[in-house]
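> Quick one: the structure is below, questions incoming.
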Amino acid sequence: MPGTVHSVLVVGARLELARFISPIEYRFAESTYDGEAYSMAVELGVTMQALRDYQTPLEQRIRYGAEMVGQQP
């Protein structure tokens, strides 16, 4: 199904882009802008979607623990 292949490629590209966010810069932006997503995205030079793609695994680790998202503790 072409739509499915396209969706997988888009998601993969978004996740790859999210990897360019530095954890140190993310923490700085988060503390500077008190977690306000738009300002953080501007500071980091990424789209809101890329910021959300970066935040999702972080939130999952907090919520479910490292083992639930395939990460080592």
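In the structure tokens, chains take the letters A, B, ... in the order shown, each chain's residues start at 1, and ligands count up from 1 in the order shown.
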Could you list, as a PDB file with N, CA and C atoms, in the first residue's frame, every residue within 12 Å of Ser31 in chain A, counting only C-alpha atoms and ignoring same-chain residues fewer than 6 positions away?

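Produced file around09.pdb, reproduced below:
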```
ATOM      1  N   ILE A  24      21.572  18.785  25.860  1.00  0.00           N
ATOM      2  CA  ILE A  24      21.973  19.947  26.668  1.00  0.00           C
ATOM      3  C   ILE A  24      21.197  21.182  26.235  1.00  0.00           C
ATOM      4  N   GLU A  25      21.097  21.401  24.918  1.00  0.00           N
ATOM      5  CA  GLU A  25      20.337  22.549  24.419  1.00  0.00           C
ATOM      6  C   GLU A  25      18.851  22.411  24.745  1.00  0.00           C
ATOM      7  N   ALA A  37       6.351  24.999  24.479  1.00  0.00           N
ATOM      8  CA  ALA A  37       6.828  24.288  23.291  1.00  0.00           C
ATOM      9  C   ALA A  37       7.205  25.202  22.126  1.00  0.00           C
ATOM     10  N   SER A  39       8.215  28.360  21.978  1.00  0.00           N
ATOM     11  CA  SER A  39       9.465  29.093  22.228  1.00  0.00           C
ATOM     12  C   SER A  39      10.662  28.153  22.235  1.00  0.00           C
ATOM     13  N   MET A  40      10.462  26.958  22.768  1.00  0.00           N
ATOM     14  CA  MET A  40      11.545  25.973  22.767  1.00  0.00           C
ATOM     15  C   MET A  40      11.916  25.582  21.339  1.00  0.00           C
ATOM     16  N   GLU A  43      13.899  28.363  19.743  1.00  0.00           N
ATOM     17  CA  GLU A  43      15.252  28.383  20.312  1.00  0.00           C
ATOM     18  C   GLU A  43      16.123  27.267  19.739  1.00  0.00           C
TER      19      GLU A  43
END
```
> Closest to Val42 in chain A among A:Glu30, A:Arg19, A:Pro57, A:Tyr64, using only C-alpha atoms?
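Among A:Glu30, A:Arg19, A:Pro57, A:Tyr64, it is A:Glu30 that comes nearest to Val42 in chain A.
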> In Å, rounded to a single decimal, give me how far CA of Arg61 in chain A is from CA of Ala29 in chain A.
19.7 Å
